[in-house]
Structures are given as structure tokens and as C-alpha cells.
Amino acid sequence: MIDITYKVVTHAKFFLAVKMAGEIIVDALPYIDQGYDEPGVREAAFAMVEEECRRYRPTKNYLEHLPPLNVSSFETPMIHNEFERLQNRLPMDTLSMKRYELPPPPSGKLNEVGAWLECVDNSQAQLEHQAVRILNLQLMLEYCCPAWQRYLQTLTELEKNASKKLADLRQQLQEVNWQRKSLQTKGGEELKNLEAKWVALVSHNYEIEQACCMAEEYLIQLKQNPLLHQNPQQDDN
């Protein structure tokens, strides 16, 4: 289990280093390698990674090549003012309804023509606003349904195109996975054959080494006891 755990961590380090270097080199065969699903392997690998992360101390800032962060680059004046209001904990301004009201002139200006003219202008502005709203409603009743149908048709076409692209990507992904699995299966068989040959060669070398050791021991015995070198047939004669 320790070997499998070490291999998992080694692969993680290797892929991180390769990614930082901008290269793509795969040294793992997930369709061939075994032992990763054994109990305790995942926990042991995470423990080793956490231990290394705890001991790792970066020597320099890896973000120093980036420009300083500007958090207010997307703020409009309205958002900036609202942030200031929230920071100062001020209440939100209530919605003004004055433009929708038709107040008469103040009691002190009831006899002034200018005050009544301002009220008339205000009423005309509000009537024009209501007329524009009625016009918008009429245009909506006349053109809204065809425009909405066209929008739905365009949305449906976009959905079909996106679904087709997604199906093509999934098909390509499946083909890549099948090719990877086929290559790894062939590579796994070749690795197994090479491993069997390696085991046979190691066993043969071990047998040769054992025979050499026996020969060396026999030679040492001959040096210690020269009588063992005599031919048994000569002793019989």
C-alpha cells in the first residue's frame, strides 16, 4: 500500500511540475495501474500531500508578475456612491413620487400666474408620460407576440446548435477515452510481457549467480583439501 501511495503522490508532483513547465508527459496508466482503490490508499496519499504542504514555504511571491489588483475598476459612480453609503451605514433614499403628483400652488401663491403655470406644465408632462405608456402598450399588443415567437425560435435554434456541439464534444471525448484505453491496454500487455521476461532473466541470473557461488565454494574446498582433486578411478587402481 505504501508503494501505491508513493506512486500516487509522485504522479501528482510530476503532473504539477509538467504543467508548470508547459509540457504534456503522461507517466501513469489509469486503465492498467492497480491498487489505487484499496482501503487507506487515498487517505495516506492525502496525508502525505498535506504534510508536504505544511512543510513547504514559498521563497517568492508567484503573483509578482501580475499588475496590482484594482477592485474598483468596474464601479460606476452610482455603485461607488452606494458603497460609500453602505460603508457609512446611512439609510437608503426613498423613492421620490413627486413627479407623479399634481399638487396645487402653495397657499401663499394661489393668486400668482407663474405658480399656476408650473402646475399646468407638470400636469401636461404627466399626461404626456401616460400617453407614451399607452402607446407602448399598444405597440406591445401589436408586435409583442410575433417578436416573442421569433425570440423563442431563435432560442430554440441556439439550443439545438449548442446541443449538437455538446454531442460532438462528448463523442470526441469518448473516442479519445477509447483510444487512450486501447493504447494503455496494448501497452499494459507489452509491459506484462516485458515484466515476465525481466522476471525470467532475473531468475536465470540468480541461478547463474548461485551456480557461480557453488563453484567458488568448491574451489575454496579444493584449495583447502587437495585430496578432493584426485580422480576416484585412480584411487580404485
# chains A, B, ... in the order shown; residues from 1 in each chain; ligands from 1
call {"tool": "residues_around", "arguments": {"residues": "Glu101 (chain A)", "least_positions_apart": "2", "cutoff": "9 Å", "atoms": "only C-alpha atoms", "output": "list in words"}}
result
Met97, Lys98, Arg99, Pro103, Asn122, Ser123 and Gln126 of chain A
call {"tool": "select_by_dssp", "arguments": {"residues": "region 55-146 of chain A", "states": "helix (DSSP H, G or I)", "output": "ChimeraX atom specification"}}
result
/A:55,77-87,98-100,107-109,113-146
call {"tool": "write_last_selection", "arguments": {"atoms": "N, CA and C atoms", "output": "compact mmCIF listing (two decimals), in the first residue's frame"}}
result
# COMPACT_ATOMS: atom_id res chain seq x y z
N ARG A 55 4.98 21.65 5.32
CA ARG A 55 6.41 21.93 5.41
C ARG A 55 6.89 22.87 4.32
N PRO A 77 -20.18 55.41 -11.04
CA PRO A 77 -20.39 56.43 -9.99
C PRO A 77 -21.55 56.09 -9.06
N MET A 78 -22.63 55.53 -9.61
CA MET A 78 -23.77 55.18 -8.77
C MET A 78 -23.40 54.08 -7.78
N ILE A 79 -22.68 53.03 -8.28
CA ILE A 79 -22.27 51.95 -7.38
C ILE A 79 -21.27 52.46 -6.36
N HIS A 80 -20.38 53.35 -6.78
CA HIS A 80 -19.40 53.91 -5.84
C HIS A 80 -20.10 54.68 -4.73
N ASN A 81 -21.10 55.48 -5.08
CA ASN A 81 -21.84 56.22 -4.06
C ASN A 81 -22.61 55.27 -3.15
N GLU A 82 -23.14 54.21 -3.72
CA GLU A 82 -23.88 53.25 -2.91
C GLU A 82 -22.95 52.53 -1.94
N PHE A 83 -21.75 52.19 -2.39
CA PHE A 83 -20.78 51.56 -1.49
C PHE A 83 -20.39 52.51 -0.36
N GLU A 84 -20.23 53.77 -0.69
CA GLU A 84 -19.92 54.74 0.36
C GLU A 84 -21.07 54.85 1.36
N ARG A 85 -22.32 54.82 0.86
CA ARG A 85 -23.47 54.87 1.77
C ARG A 85 -23.49 53.66 2.69
N LEU A 86 -23.21 52.47 2.13
CA LEU A 86 -23.19 51.27 2.96
C LEU A 86 -22.05 51.32 3.97
N GLN A 87 -20.89 51.85 3.55
CA GLN A 87 -19.77 51.94 4.46
C GLN A 87 -20.05 52.91 5.60
N LYS A 98 -42.80 62.61 -6.32
CA LYS A 98 -43.26 63.97 -6.58
C LYS A 98 -43.65 64.18 -8.03
N ARG A 99 -42.96 63.54 -8.95
CA ARG A 99 -43.27 63.77 -10.35
C ARG A 99 -44.59 63.12 -10.76
N TYR A 100 -45.12 62.25 -9.92
CA TYR A 100 -46.40 61.63 -10.22
C TYR A 100 -47.56 62.34 -9.51
N SER A 107 -50.33 77.83 -0.67
CA SER A 107 -51.40 78.74 -0.25
C SER A 107 -51.01 80.20 -0.40
N GLY A 108 -49.75 80.49 -0.30
CA GLY A 108 -49.31 81.88 -0.44
C GLY A 108 -49.19 82.33 -1.87
N LYS A 109 -49.30 81.39 -2.85
CA LYS A 109 -49.13 81.74 -4.26
C LYS A 109 -50.36 81.38 -5.08
N VAL A 113 -49.82 83.87 -11.23
CA VAL A 113 -50.00 83.16 -12.50
C VAL A 113 -48.84 82.19 -12.75
N GLY A 114 -47.63 82.58 -12.37
CA GLY A 114 -46.47 81.72 -12.59
C GLY A 114 -46.58 80.40 -11.86
N ALA A 115 -47.11 80.43 -10.65
CA ALA A 115 -47.26 79.20 -9.88
C ALA A 115 -48.25 78.27 -10.55
N TRP A 116 -49.35 78.86 -11.07
CA TRP A 116 -50.33 78.01 -11.76
C TRP A 116 -49.77 77.50 -13.09
N LEU A 117 -48.93 78.28 -13.75
CA LEU A 117 -48.30 77.79 -14.99
C LEU A 117 -47.38 76.59 -14.71
N GLU A 118 -46.66 76.63 -13.61
CA GLU A 118 -45.81 75.48 -13.24
C GLU A 118 -46.67 74.23 -13.00
N CYS A 119 -47.81 74.42 -12.33
CA CYS A 119 -48.69 73.27 -12.12
C CYS A 119 -49.25 72.74 -13.43
N VAL A 120 -49.58 73.63 -14.35
CA VAL A 120 -50.08 73.20 -15.67
C VAL A 120 -48.99 72.45 -16.43
N ASP A 121 -47.76 72.96 -16.40
CA ASP A 121 -46.65 72.25 -17.07
C ASP A 121 -46.44 70.87 -16.47
N ASN A 122 -46.55 70.78 -15.17
CA ASN A 122 -46.38 69.49 -14.52
C ASN A 122 -47.48 68.52 -14.95
N SER A 123 -48.71 69.01 -14.99
CA SER A 123 -49.81 68.14 -15.41
C SER A 123 -49.67 67.71 -16.86
N GLN A 124 -49.22 68.62 -17.74
CA GLN A 124 -49.02 68.27 -19.15
C GLN A 124 -47.91 67.22 -19.29
N ALA A 125 -46.84 67.36 -18.50
CA ALA A 125 -45.74 66.38 -18.55
C ALA A 125 -46.23 64.99 -18.12
N GLN A 126 -47.07 64.97 -17.08
CA GLN A 126 -47.57 63.68 -16.62
C GLN A 126 -48.56 63.09 -17.61
N LEU A 127 -49.38 63.90 -18.23
CA LEU A 127 -50.30 63.40 -19.26
C LEU A 127 -49.52 62.85 -20.45
N GLU A 128 -48.44 63.53 -20.83
CA GLU A 128 -47.62 63.03 -21.94
C GLU A 128 -46.95 61.70 -21.57
N HIS A 129 -46.54 61.61 -20.32
CA HIS A 129 -45.94 60.34 -19.86
C HIS A 129 -46.96 59.20 -19.93
N GLN A 130 -48.19 59.46 -19.50
CA GLN A 130 -49.23 58.43 -19.57
C GLN A 130 -49.56 58.09 -21.02
N ALA A 131 -49.53 59.10 -21.92
CA ALA A 131 -49.80 58.84 -23.33
C ALA A 131 -48.72 57.94 -23.93
N VAL A 132 -47.46 58.18 -23.54
CA VAL A 132 -46.36 57.33 -24.02
C VAL A 132 -46.52 55.91 -23.50
N ARG A 133 -46.95 55.75 -22.27
CA ARG A 133 -47.17 54.42 -21.72
C ARG A 133 -48.28 53.70 -22.48
N ILE A 134 -49.35 54.43 -22.80
CA ILE A 134 -50.44 53.81 -23.57
C ILE A 134 -49.95 53.41 -24.96
N LEU A 135 -49.13 54.26 -25.57
CA LEU A 135 -48.57 53.93 -26.88
C LEU A 135 -47.69 52.68 -26.82
N ASN A 136 -46.89 52.59 -25.78
CA ASN A 136 -46.04 51.41 -25.62
C ASN A 136 -46.87 50.14 -25.43
N LEU A 137 -47.97 50.26 -24.70
CA LEU A 137 -48.84 49.10 -24.52
C LEU A 137 -49.49 48.69 -25.84
N GLN A 138 -49.89 49.66 -26.64
CA GLN A 138 -50.47 49.33 -27.95
C GLN A 138 -49.45 48.67 -28.86
N LEU A 139 -48.21 49.21 -28.86
CA LEU A 139 -47.15 48.59 -29.67
C LEU A 139 -46.85 47.17 -29.18
N MET A 140 -46.88 46.98 -27.86
CA MET A 140 -46.62 45.66 -27.32
C MET A 140 -47.70 44.66 -27.75
N LEU A 141 -48.98 45.11 -27.70
CA LEU A 141 -50.06 44.22 -28.12
C LEU A 141 -49.96 43.87 -29.60
N GLU A 142 -49.44 44.81 -30.39
CA GLU A 142 -49.38 44.58 -31.84
C GLU A 142 -48.16 43.77 -32.26
N TYR A 143 -47.02 44.04 -31.63
CA TYR A 143 -45.79 43.43 -32.08
C TYR A 143 -45.15 42.47 -31.07
N CYS A 144 -45.67 42.41 -29.87
CA CYS A 144 -45.00 41.61 -28.85
C CYS A 144 -45.06 40.12 -29.17
N CYS A 145 -46.23 39.63 -29.56
CA CYS A 145 -46.36 38.18 -29.82
C CYS A 145 -45.46 37.71 -30.96
N PRO A 146 -45.45 38.38 -32.14
CA PRO A 146 -44.50 37.93 -33.19
C PRO A 146 -43.03 38.05 -32.76
call {"tool": "closest_atom_pairs", "arguments": {"of": "region 22-103 of chain A", "to": "region 177-201 of chain A", "cutoff": "7 Å", "atoms": "only C-alpha atoms", "output": "JSON lines"}}
result
{"residue": "A:Leu29", "atom": "CA", "partner": "A:Gln184", "partner_atom": "CA", "distance": 6.3}
{"residue": "A:Tyr31", "atom": "CA", "partner": "A:Lys181", "partner_atom": "CA", "distance": 6.3}
{"residue": "A:Ile32", "atom": "CA", "partner": "A:Gly188", "partner_atom": "CA", "distance": 5.9}
